[in-house]
>>> print(open('model-v7.cif').read())   # mmCIF, C-alpha atoms
data_coords
loop_
_atom_site.label_atom_id
_atom_site.label_comp_id
_atom_site.auth_asym_id
_atom_site.auth_seq_id
_atom_site.Cartn_x
_atom_site.Cartn_y
_atom_site.Cartn_z
CA MET A 179 -41.30 -14.23 5.91
CA THR A 180 -39.27 -16.44 8.18
CA ARG A 181 -38.72 -20.09 7.58
CA ASP A 182 -36.92 -22.53 9.83
CA ASN A 183 -34.57 -23.81 7.16
CA GLU A 184 -33.08 -20.41 6.47
CA LEU A 185 -29.38 -19.98 7.02
CA PHE A 186 -29.27 -16.27 7.79
CA ASP A 187 -31.34 -14.12 10.10
CA ARG A 188 -32.24 -11.30 7.70
CA ALA A 189 -34.05 -9.19 10.28
CA LEU A 190 -30.93 -9.25 12.43
CA LEU A 191 -28.84 -8.36 9.38
CA THR A 192 -31.04 -5.32 8.72
CA ARG A 193 -30.70 -4.19 12.33
CA ARG A 194 -26.93 -4.67 12.27
CA ARG A 195 -26.66 -2.73 9.00
CA ALA A 196 -28.84 0.05 10.36
CA ARG A 197 -26.64 0.29 13.43
CA ALA A 198 -23.53 0.39 11.27
CA ALA A 199 -25.04 2.91 8.83
CA SER A 200 -23.88 6.09 10.52
CA ASN A 201 -20.24 5.10 10.68
CA LEU A 202 -19.86 2.67 7.78
CA ILE A 203 -17.73 5.13 5.89
CA ALA A 204 -14.90 4.58 8.39
CA HIS A 205 -14.94 0.83 7.86
CA ASP A 206 -15.56 0.42 4.16
CA PHE A 207 -12.13 -0.62 2.86
CA LEU A 208 -13.45 -3.93 1.51
CA LEU A 209 -16.40 -2.25 -0.18
CA GLU A 210 -14.11 0.37 -1.65
CA ARG A 211 -11.88 -2.31 -3.07
CA ALA A 212 -14.81 -4.27 -4.50
CA ALA A 213 -16.31 -1.12 -6.03
CA GLU A 214 -13.01 -0.15 -7.63
CA ASP A 215 -12.59 -3.61 -9.08
CA ILE A 216 -16.11 -3.67 -10.54
CA GLY A 217 -15.60 -0.16 -11.96
CA GLY A 218 -12.36 -1.29 -13.63
CA ARG A 219 -14.05 -4.31 -15.18
CA LEU A 220 -16.89 -2.15 -16.51
CA GLU A 221 -14.51 0.35 -18.08
CA GLY A 222 -13.09 -2.52 -20.11
CA ILE A 223 -16.47 -3.32 -21.65
CA LEU A 224 -17.13 -1.16 -24.67
CA ARG A 225 -20.87 -0.72 -24.65
CA ASP A 226 -23.52 1.45 -23.03
CA PHE A 227 -25.57 0.49 -20.01
CA PRO A 228 -28.37 3.09 -19.84
CA VAL A 229 -30.36 1.53 -16.99
CA CYS A 230 -28.31 0.23 -14.06
CA LEU A 231 -29.28 -1.40 -10.79
CA ASN A 232 -27.03 -1.64 -7.74
CA ILE A 233 -28.26 -4.38 -5.39
CA GLY A 234 -27.25 -4.07 -1.74
CA ALA A 235 -26.11 -0.50 -2.36
CA HIS A 236 -24.83 0.05 1.21
CA HIS A 237 -24.03 3.80 1.49
CA GLY A 238 -23.58 4.32 -2.24
CA LEU A 239 -19.88 3.69 -2.88
CA LEU A 240 -20.36 1.34 -5.82
CA GLY A 241 -23.12 3.55 -7.21
CA ASP A 242 -20.74 6.52 -7.35
CA THR A 243 -18.13 4.37 -9.09
CA LEU A 244 -20.79 3.24 -11.56
CA VAL A 245 -21.72 6.81 -12.44
CA ARG A 246 -18.09 7.49 -13.31
CA ALA A 247 -17.48 4.20 -15.16
CA VAL A 248 -20.62 3.79 -17.27
CA LYS A 249 -22.51 7.11 -17.01
CA PRO A 250 -25.99 5.53 -16.87
CA SER A 251 -29.11 7.54 -17.65
CA LEU A 252 -30.82 5.86 -14.69
CA LEU A 253 -29.06 4.42 -11.64
CA ILE A 254 -31.30 2.52 -9.23
CA GLN A 255 -29.88 2.01 -5.74
CA SER A 256 -31.56 -0.92 -4.01
CA GLU A 257 -30.85 -1.69 -0.37
CA LEU A 258 -32.60 -3.58 2.42
CA CYS A 259 -31.71 -1.00 5.04
CA LEU A 260 -33.37 2.45 4.79
CA PRO A 261 -30.75 4.42 6.80
CA LEU A 262 -28.11 3.17 4.35
CA VAL A 263 -29.97 3.79 1.09
CA ALA A 264 -30.89 7.27 2.32
CA GLN A 265 -27.17 8.10 1.98
CA CYS A 266 -27.09 7.05 -1.70
CA HIS A 267 -27.42 9.20 -4.82
CA GLY A 268 -29.71 8.24 -7.70
CA ALA A 269 -33.15 6.62 -7.73
CA ARG A 270 -33.40 4.90 -4.36
CA VAL A 271 -35.55 1.98 -3.31
CA VAL A 272 -35.75 -0.25 -0.25
CA ALA A 273 -35.98 -3.88 -1.39
CA ASP A 274 -35.06 -7.37 -0.28
CA GLU A 275 -32.49 -9.14 -2.46
CA GLU A 276 -34.71 -12.22 -2.22
CA LEU A 277 -37.81 -10.40 -3.50
CA LEU A 278 -36.69 -7.99 -6.18
CA PRO A 279 -39.32 -5.47 -7.39
CA PHE A 280 -38.05 -4.94 -10.94
CA ALA A 281 -39.96 -5.62 -14.18
CA PRO A 282 -38.78 -8.37 -16.55
CA ALA A 283 -36.23 -7.27 -19.16
CA SER A 284 -36.03 -3.73 -17.76
CA LEU A 285 -32.33 -3.42 -16.85
CA ASP A 286 -29.09 -3.24 -18.84
CA LEU A 287 -26.68 -3.79 -15.96
CA VAL A 288 -27.02 -5.23 -12.47
CA VAL A 289 -24.11 -4.86 -10.07
CA SER A 290 -23.70 -5.76 -6.42
CA ALA A 291 -20.84 -5.42 -3.96
CA LEU A 292 -20.61 -7.61 -0.86
CA ALA A 293 -24.32 -8.16 -0.31
CA LEU A 294 -25.45 -11.34 -2.02
CA HIS A 295 -23.52 -13.72 0.26
CA TRP A 296 -26.07 -12.93 3.02
CA VAL A 297 -29.02 -14.05 0.92
CA ASN A 298 -30.79 -17.24 2.04
CA ASP A 299 -32.19 -18.09 -1.36
CA LEU A 300 -29.31 -17.22 -3.66
CA PRO A 301 -30.51 -19.39 -6.59
CA GLY A 302 -33.87 -17.57 -6.39
CA ALA A 303 -32.22 -14.14 -6.24
CA LEU A 304 -30.02 -14.94 -9.26
CA ILE A 305 -33.00 -16.16 -11.28
CA GLN A 306 -34.85 -12.92 -10.48
CA ILE A 307 -31.81 -10.89 -11.56
CA ALA A 308 -31.48 -12.85 -14.82
CA ARG A 309 -35.15 -12.18 -15.60
CA ALA A 310 -34.95 -8.47 -14.83
CA LEU A 311 -32.07 -8.05 -17.30
CA ARG A 312 -32.64 -7.20 -20.94
CA PRO A 313 -31.18 -9.64 -23.48
CA ASP A 314 -27.39 -9.22 -23.50
CA GLY A 315 -27.60 -7.37 -20.18
CA LEU A 316 -24.73 -7.85 -17.74
CA PHE A 317 -24.65 -9.08 -14.14
CA LEU A 318 -21.46 -8.31 -12.23
CA ALA A 319 -21.23 -8.96 -8.50
CA ALA A 320 -18.63 -9.26 -5.76
CA VAL A 321 -19.40 -11.62 -2.89
CA LEU A 322 -17.43 -12.99 0.04
CA GLY A 323 -16.02 -16.48 -0.51
CA GLY A 324 -15.35 -19.48 1.74
CA ARG A 325 -11.80 -18.52 2.68
CA THR A 326 -13.02 -15.29 4.30
CA LEU A 327 -11.92 -15.02 7.94
CA GLN A 328 -10.64 -18.59 7.92
CA GLU A 329 -8.14 -17.66 10.64
CA LEU A 330 -10.78 -16.21 12.97
CA ARG A 331 -13.04 -19.21 12.40
CA GLU A 332 -10.27 -21.61 13.38
CA VAL A 333 -9.18 -19.59 16.40
CA LEU A 334 -12.67 -19.04 17.87
CA THR A 335 -13.54 -22.71 17.46
CA ALA A 336 -10.35 -23.70 19.28
CA ALA A 337 -10.89 -21.15 22.06
CA ASP A 338 -14.57 -22.04 22.51
CA ALA A 339 -13.75 -25.73 22.70
CA GLU A 340 -11.06 -25.17 25.29
CA VAL A 341 -13.06 -22.89 27.57
CA SER A 342 -16.57 -24.33 27.36
CA GLY A 343 -15.94 -27.78 25.91
CA GLY A 344 -17.98 -27.15 22.75
CA ALA A 345 -18.24 -24.78 19.85
CA GLY A 346 -21.02 -23.18 17.84
CA PRO A 347 -20.41 -21.36 14.58
CA ARG A 348 -19.25 -17.82 15.25
CA VAL A 349 -18.15 -17.02 11.72
CA ALA A 350 -20.67 -17.46 8.92
CA PRO A 351 -19.92 -19.95 6.14
CA PHE A 352 -19.58 -18.62 2.60
CA ALA A 353 -19.85 -20.51 -0.67
CA ASP A 354 -16.79 -21.13 -2.83
CA VAL A 355 -15.94 -20.47 -6.47
CA ARG A 356 -17.35 -23.75 -7.75
CA ASP A 357 -20.69 -23.27 -5.94
CA TYR A 358 -21.14 -19.83 -7.45
CA GLY A 359 -20.27 -21.02 -10.95
CA GLY A 360 -22.96 -23.69 -10.77
CA LEU A 361 -25.50 -21.21 -9.43
CA LEU A 362 -24.88 -18.75 -12.28
CA GLN A 363 -25.39 -21.49 -14.81
CA ARG A 364 -28.56 -22.78 -13.13
CA ALA A 365 -29.99 -19.25 -13.09
CA GLY A 366 -29.70 -19.16 -16.88
CA PHE A 367 -26.78 -16.77 -17.34
CA ALA A 368 -24.76 -17.09 -20.55
CA LEU A 369 -20.95 -16.96 -20.59
CA PRO A 370 -20.65 -17.26 -16.79
CA VAL A 371 -17.26 -16.48 -15.25
CA VAL A 372 -16.28 -16.71 -11.59
CA ASP A 373 -12.94 -15.59 -10.23
CA SER A 374 -11.51 -15.18 -6.79
CA ASP A 375 -9.13 -12.79 -5.05
CA LEU A 376 -7.68 -13.34 -1.59
CA ILE A 377 -7.10 -10.10 0.27
CA GLU A 378 -4.78 -10.18 3.28
CA VAL A 379 -5.17 -7.50 5.89
CA THR A 380 -3.42 -6.98 9.20
CA TYR A 381 -4.88 -5.72 12.45
CA PRO A 382 -3.27 -4.67 15.74
CA SER A 383 -5.12 -7.51 17.49
CA ALA A 384 -7.83 -10.14 17.03
CA ARG A 385 -10.08 -7.87 19.07
CA ALA A 386 -9.55 -5.00 16.62
CA LEU A 387 -10.45 -7.35 13.76
CA MET A 388 -13.71 -8.37 15.44
CA ASP A 389 -14.58 -4.74 16.21
CA ASP A 390 -14.01 -3.82 12.56
CA ILE A 391 -16.24 -6.64 11.31
CA ARG A 392 -19.00 -5.46 13.62
CA ALA A 393 -18.57 -1.89 12.40
CA MET A 394 -18.95 -3.07 8.80
CA GLY A 395 -22.38 -4.36 9.82
CA ALA A 396 -21.11 -7.77 8.89
CA ALA A 397 -21.06 -9.60 12.21
CA ASN A 398 -22.38 -13.16 12.25
CA VAL A 399 -26.09 -13.31 11.36
CA LEU A 400 -26.33 -17.08 11.13
CA LYS A 401 -29.63 -18.39 12.45
CA ALA A 402 -27.65 -21.22 14.03
CA ARG A 403 -25.03 -18.82 15.36
CA SER A 404 -23.70 -19.51 18.78
CA LYS A 405 -26.13 -17.74 21.12
CA ARG A 406 -23.69 -17.86 24.01
CA PRO A 407 -21.87 -14.57 24.28
CA LEU A 408 -18.12 -14.78 23.99
CA LEU A 409 -16.77 -15.02 27.53
CA ARG A 410 -13.95 -12.74 28.49
CA ARG A 411 -11.84 -15.83 29.12
CA THR A 412 -12.61 -17.17 25.65
CA LEU A 413 -11.75 -13.84 24.08
CA ALA A 414 -8.44 -13.65 25.91
CA LEU A 415 -7.59 -17.18 24.86
CA ALA A 416 -8.63 -16.44 21.27
CA GLU A 417 -6.36 -13.42 21.22
CA GLU A 418 -3.49 -15.61 22.40
CA ILE A 419 -4.14 -18.42 19.90
CA TYR A 420 -4.65 -15.95 17.05
CA ARG A 421 -1.32 -14.28 17.79
CA SER A 422 0.52 -17.59 18.03
CA ARG A 423 -0.86 -18.96 14.75
CA PHE A 424 -1.33 -15.90 12.53
CA ALA A 425 1.13 -13.25 13.65
CA ALA A 426 2.39 -10.68 11.17
CA GLY A 427 5.15 -8.91 13.06
CA GLU A 428 3.49 -7.02 15.88
CA ARG A 429 0.10 -7.42 14.24
CA VAL A 430 -2.14 -10.32 13.24
CA ARG A 431 -3.29 -11.18 9.73
CA ALA A 432 -6.79 -11.90 8.43
CA SER A 433 -7.93 -12.86 4.97
CA PHE A 434 -11.02 -11.91 3.01
CA GLU A 435 -11.87 -13.81 -0.17
CA VAL A 436 -13.73 -11.70 -2.69
CA ILE A 437 -15.37 -13.73 -5.46
CA THR A 438 -16.49 -11.90 -8.60
CA LEU A 439 -19.42 -13.28 -10.58
CA THR A 440 -19.99 -12.32 -14.20
CA GLY A 441 -22.89 -13.48 -16.35
CA TRP A 442 -24.86 -12.21 -19.33
CA ALA A 443 -28.54 -12.47 -20.07
CA PRO A 444 -28.73 -14.79 -23.09
CA ASP A 445 -28.94 -13.13 -26.51
CA GLU A 446 -28.71 -14.23 -30.15
CA SER A 447 -25.61 -12.13 -30.72
CA GLN A 448 -23.48 -14.05 -28.21
CA GLN A 449 -20.95 -16.67 -29.26
CA ARG A 450 -22.05 -20.25 -28.82
CA PRO A 451 -20.77 -23.68 -29.85
CA LEU A 452 -21.78 -24.90 -33.34
CA ALA A 453 -24.04 -27.91 -33.65
CA PRO A 454 -22.09 -31.20 -33.80
CA GLY A 455 -21.41 -32.28 -37.38
CA SER A 456 -21.80 -28.77 -38.82
CA ALA A 457 -18.08 -28.23 -39.46
CA ARG A 458 -17.16 -27.23 -43.05
CA SER A 459 -13.50 -28.24 -43.00
CA ARG A 460 -11.73 -31.24 -41.54
CA LEU A 461 -9.50 -31.02 -38.50
CA ALA A 462 -7.09 -33.45 -40.20
CA ASP A 463 -6.61 -30.99 -43.07
CA ALA A 464 -5.88 -28.15 -40.68
CA LEU A 465 -3.27 -30.30 -38.94
CA GLY A 466 -1.82 -31.59 -42.21
CA THR A 467 -2.25 -35.22 -41.21
CA ALA A 468 -4.21 -38.22 -42.43
CA GLU A 469 -7.54 -38.96 -40.83
CA ARG A 470 -8.05 -42.43 -39.40
CA SER A 471 -11.24 -43.84 -38.03
CA ALA A 472 -11.20 -44.98 -34.41
CA GLY A 473 -11.35 -48.66 -35.38
CA GLU A 474 -8.07 -48.59 -37.32
CA LYS A 475 -6.08 -46.97 -34.59
CA ALA A 476 -5.13 -49.99 -32.52
CA ASP A 477 -1.97 -51.61 -33.79
CA PRO A 478 -2.27 -55.41 -33.52
CA LYS A 479 1.52 -55.85 -33.38
CA LYS A 480 1.65 -54.09 -30.05
CA ARG A 481 -0.49 -56.67 -28.28
CA MET B 386 -26.10 12.36 -13.24
CA THR B 387 -28.95 14.40 -11.92
CA ASN B 388 -31.03 13.54 -8.95
CA PRO B 389 -34.65 14.23 -9.83
CA THR B 390 -35.94 12.89 -6.48
CA THR B 391 -34.93 16.07 -4.75
CA GLY B 392 -36.50 18.51 -7.18
CA GLY B 393 -37.86 21.10 -4.80
CA LYS B 394 -37.38 21.62 -1.10
CA SER B 395 -41.01 20.76 -0.48
CA LYS B 396 -41.53 17.02 -0.87
CA PRO B 397 -39.06 14.56 -2.36
CA ARG B 398 -40.68 12.80 -5.32
CA VAL B 399 -40.04 9.38 -6.70
CA ASP B 400 -38.10 9.31 -9.96
CA PRO B 401 -40.74 8.68 -12.68
CA LYS B 402 -38.27 6.50 -14.59
CA LEU B 403 -37.96 4.31 -11.49
CA LEU B 404 -41.75 4.02 -11.25
CA GLU B 405 -41.83 2.59 -14.80
CA ILE B 406 -39.52 -0.24 -13.77
CA LEU B 407 -40.87 -1.11 -10.32
CA VAL B 408 -43.24 -4.05 -9.97
CA CYS B 409 -44.75 -5.82 -6.97
CA PRO B 410 -41.96 -7.99 -5.48
CA LEU B 411 -44.42 -10.82 -4.79
CA SER B 412 -46.50 -10.97 -7.97
CA LYS B 413 -44.09 -9.10 -10.30
CA THR B 414 -47.13 -7.25 -11.70
CA VAL B 415 -47.61 -3.54 -12.35
CA LEU B 416 -48.18 -1.03 -9.56
CA GLU B 417 -50.51 1.94 -9.34
CA TYR B 418 -48.99 5.15 -8.05
CA ASP B 419 -51.15 6.93 -5.48
CA GLU B 420 -49.46 10.33 -5.39
CA GLU B 421 -51.64 11.70 -2.63
CA ARG B 422 -51.11 8.88 -0.16
CA GLN B 423 -47.56 8.29 -1.40
CA GLU B 424 -48.18 4.60 -1.95
CA LEU B 425 -47.55 2.04 -4.67
CA ILE B 426 -50.52 -0.26 -4.94
CA SER B 427 -50.40 -3.87 -6.09
CA ARG B 428 -53.93 -5.06 -6.91
CA ALA B 429 -52.64 -8.58 -7.55
CA SER B 430 -51.18 -8.94 -4.05
CA GLY B 431 -53.65 -6.62 -2.28
CA LEU B 432 -50.80 -4.58 -0.83
CA ALA B 433 -49.93 -0.88 -0.73
CA TYR B 434 -46.20 -0.21 -0.48
CA PRO B 435 -45.34 3.04 1.31
CA ILE B 436 -43.08 5.75 -0.11
CA ARG B 437 -41.04 7.55 2.54
CA ASP B 438 -39.17 10.72 1.61
CA GLY B 439 -39.30 9.72 -2.05
CA ILE B 440 -37.97 6.21 -1.35
CA PRO B 441 -40.36 3.34 -2.18
CA ILE B 442 -40.29 0.66 0.52
CA MET B 443 -40.86 -2.50 -1.52
CA LEU B 444 -41.04 -4.92 1.43
CA PRO B 445 -44.23 -6.99 1.80
CA ASP B 446 -43.79 -6.91 5.60
CA GLU B 447 -43.96 -3.10 5.59
CA ALA B 448 -46.86 -2.85 3.13
CA ARG B 449 -50.44 -1.98 4.06
CA VAL B 450 -52.97 -4.70 3.32
CA ILE B 451 -55.71 -3.20 1.16
CA ASP B 452 -59.32 -4.28 1.17
CA ASP B 453 -61.00 -3.46 -2.12
CA ASP B 454 -64.55 -4.07 -0.91
CA ALA B 455 -64.32 -1.67 1.99
CA LYS B 456 -63.80 2.07 1.51
CA SER B 457 -60.94 2.75 -0.88
#
>>> encode(input="model-v7.cif", output="structure tokens")
Amino acid sequence: MTRDNELFDRALLTRRRARAASNLIAHDFLLERAAEDIGGRLEGILRDFPVCLNIGAHHGLLGDTLVRAVKPSLLIQSELCLPLVAQCHGARVVADEELLPFAPASLDLVVSALALHWVNDLPGALIQIARALRPDGLFLAAVLGGRTLQELREVLTAADAEVSGGAGPRVAPFADVRDYGGLLQRAGFALPVVDSDLIEVTYPSARALMDDIRAMGAANVLKARSKRPLLRRTLALAEEIYRSRFAAGERVRASFEVITLTGWAPDESQQRPLAPGSARSRLADALGTAERSAGEKADPKKR
Amino acid sequence: MTNPTTGGKSKPRVDPKLLEILVCPLSKTVLEYDEERQELISRASGLAYPIRDGIPIMLPDEARVIDDDAKS
């Protein structure tokens, strides 16, 4: 299933993830943080989630957190990459986030940590998730946002331009808070909330940062990614520019934006606005003032 | 949390509760479980999804195309 208008090369993503699978545990600080945050949010919600699905399970970190936080009777770990899901506990399944194999209204909770930003058809994936949830079921996901690796993006573009006189995208673009909010609403989620957290990390060098990203299995999988390999000269220049613009003492800094999406499958029990004109008491009474119609408001003396 | 997929040492089985929830990713219709061949069959899509080591592989690209008219 490959189409020309797709943003991400999913086959390449699967290969990258498979390659990273054996050693992901050494490079999972972002995942760990996202999992902890999702676990904390779930602990604050006082209800049971018997059937849970973790989409893009990676090596099972979020799943383990979920078991502690909500104690589900069934935890499904879904992941595109077999070598990763094989490391997970629970009921495991290999599936594509864009083609979810779950029955309508079968799940109480769907979570996902740092996977859905690589999906080509995110509106489609969200609609499928909304349908697979039972009424009043919860969707809670962490994705990377647009400010992720903004420093590296800027530096590589500058270095590429200087060395080879042109630049192709070497860091993937990510959607921002407003985009995600609109997508949740379009997918039919009730009470959608989107919030963002900027995480600053430091590395010994720009090179160490790039090595870490590769080890996370998160290197650029853009279809339109620059196919020219980074020249040694470009890399050296990038290192220099990075250090001059984003130094943090002896080290360099990099930011990751983690956006958290929350939405509920619509249900009768949820709060909703009343129909216009259905109010039983007047606002003017509550405020202790006299009500005036709009036409009387303008004071002719002021003209 | 128990892990019923690794019941015995012999052959990892798919969690029956998972089987109840899984549908064909293309048609979203029910699947038949072929225990012997370790496959999940979607009549609607004409595909048989393999199960490897107790893990269903629900990817249409990895599924076997089934031909109902030929030998089953």
>>> closest_atom_pairs(input="model-v7.cif", of="chain B", to="chain A", cutoff="10 Å", atoms="all atoms listed in the file", output="JSON lines")
{"residue": "B:Met386", "atom": "CA", "partner": "A:Val245", "partner_atom": "CA", "distance": 7.1}
{"residue": "B:Thr387", "atom": "CA", "partner": "A:Gly268", "partner_atom": "CA", "distance": 7.5}
{"residue": "B:Asn388", "atom": "CA", "partner": "A:Gly268", "partner_atom": "CA", "distance": 5.6}
{"residue": "B:Pro389", "atom": "CA", "partner": "A:Ala269", "partner_atom": "CA", "distance": 8.0}
{"residue": "B:Thr390", "atom": "CA", "partner": "A:Ala269", "partner_atom": "CA", "distance": 7.0}
{"residue": "B:Thr391", "atom": "CA", "partner": "A:Gly268", "partner_atom": "CA", "distance": 9.9}
{"residue": "B:Val399", "atom": "CA", "partner": "A:Ala269", "partner_atom": "CA", "distance": 7.5}
{"residue": "B:Asp400", "atom": "CA", "partner": "A:Ala269", "partner_atom": "CA", "distance": 6.1}
{"residue": "B:Pro401", "atom": "CA", "partner": "A:Ala269", "partner_atom": "CA", "distance": 9.3}
{"residue": "B:Lys402", "atom": "CA", "partner": "A:Leu252", "partner_atom": "CA", "distance": 7.5}
{"residue": "B:Leu403", "atom": "CA", "partner": "A:Ala269", "partner_atom": "CA", "distance": 6.5}
{"residue": "B:Leu404", "atom": "CA", "partner": "A:Ala269", "partner_atom": "CA", "distance": 9.6}
{"residue": "B:Glu405", "atom": "CA", "partner": "A:Ala281", "partner_atom": "CA", "distance": 8.4}
{"residue": "B:Ile406", "atom": "CA", "partner": "A:Ala281", "partner_atom": "CA", "distance": 5.4}
{"residue": "B:Leu407", "atom": "CA", "partner": "A:Phe280", "partner_atom": "CA", "distance": 4.8}
{"residue": "B:Val408", "atom": "CA", "partner": "A:Pro279", "partner_atom": "CA", "distance": 4.9}
{"residue": "B:Cys409", "atom": "CA", "partner": "A:Pro279", "partner_atom": "CA", "distance": 5.5}
{"residue": "B:Pro410", "atom": "CA", "partner": "A:Pro279", "partner_atom": "CA", "distance": 4.1}
{"residue": "B:Leu411", "atom": "CA", "partner": "A:Leu277", "partner_atom": "CA", "distance": 6.7}
{"residue": "B:Ser412", "atom": "CA", "partner": "A:Pro279", "partner_atom": "CA", "distance": 9.1}
{"residue": "B:Lys413", "atom": "CA", "partner": "A:Ala281", "partner_atom": "CA", "distance": 6.6}
{"residue": "B:Thr414", "atom": "CA", "partner": "A:Ala281", "partner_atom": "CA", "distance": 7.8}
{"residue": "B:Val415", "atom": "CA", "partner": "A:Ala281", "partner_atom": "CA", "distance": 8.1}
{"residue": "B:Ile436", "atom": "CA", "partner": "A:Val271", "partner_atom": "CA", "distance": 9.0}
{"residue": "B:Arg437", "atom": "CA", "partner": "A:Leu260", "partner_atom": "CA", "distance": 9.5}
{"residue": "B:Asp438", "atom": "CA", "partner": "A:Ala264", "partner_atom": "CA", "distance": 9.0}
{"residue": "B:Gly439", "atom": "CA", "partner": "A:Arg270", "partner_atom": "CA", "distance": 8.0}
{"residue": "B:Ile440", "atom": "CA", "partner": "A:Val271", "partner_atom": "CA", "distance": 5.3}
{"residue": "B:Pro441", "atom": "CA", "partner": "A:Val271", "partner_atom": "CA", "distance": 5.1}
{"residue": "B:Ile442", "atom": "CA", "partner": "A:Val272", "partner_atom": "CA", "distance": 4.7}
{"residue": "B:Met443", "atom": "CA", "partner": "A:Ala273", "partner_atom": "CA", "distance": 5.1}
{"residue": "B:Leu444", "atom": "CA", "partner": "A:Ala273", "partner_atom": "CA", "distance": 5.9}
{"residue": "B:Pro445", "atom": "CA", "partner": "A:Met179", "partner_atom": "CA", "distance": 8.8}
{"residue": "B:Asp446", "atom": "CA", "partner": "A:Met179", "partner_atom": "CA", "distance": 7.7}
>>> atom_distance(input="model-v7.cif", atom1="CA of Thr412 (chain A)", atom2="CA of Ile391 (chain A)")
18.2 Å
>>> axis_aligned_box(input="model-v7.cif", around="region 427-432 of chain B", padding_each_side="5 Å", output="lines of an AutoDock Vina configuration file")
center_x = -52.2
center_y = -6.4
center_z = -4.2
size_x = 13.5
size_y = 15.1
size_z = 16.7
>>> residues_around(input="model-v7.cif", residues="region 450-461 of chain A", least_positions_apart="5", cutoff="10 Å", atoms="all atoms listed in the file", output="list of chain:residue names")
A:Ala368, A:Leu369, A:Gly466, A:Thr467, A:Ala468, A:Glu469
>>> closest_residue(input="model-v7.cif", among="A:Tyr420, A:Phe207, A:Trp442, A:Phe352", to="Pro370 (chain A)", atoms="only C-alpha atoms")
A:Trp442
>>> atom_distance(input="model-v7.cif", atom1="CA of Gly324 (chain A)", atom2="CA of Ala416 (chain A)")
20.9 Å
>>> atom_distance(input="model-v7.cif", atom1="CA of Glu340 (chain A)", atom2="CA of Leu408 (chain A)")
12.6 Å
>>> residues_around(input="model-v7.cif", residues="Asp354 (chain A)", least_positions_apart="4", cutoff="9 Å", atoms="all atoms listed in the file", output="list in words")
Leu322, Gly323, Gly324, Arg325, Tyr358, Gly359, Ser374 and Ile437 of chain A
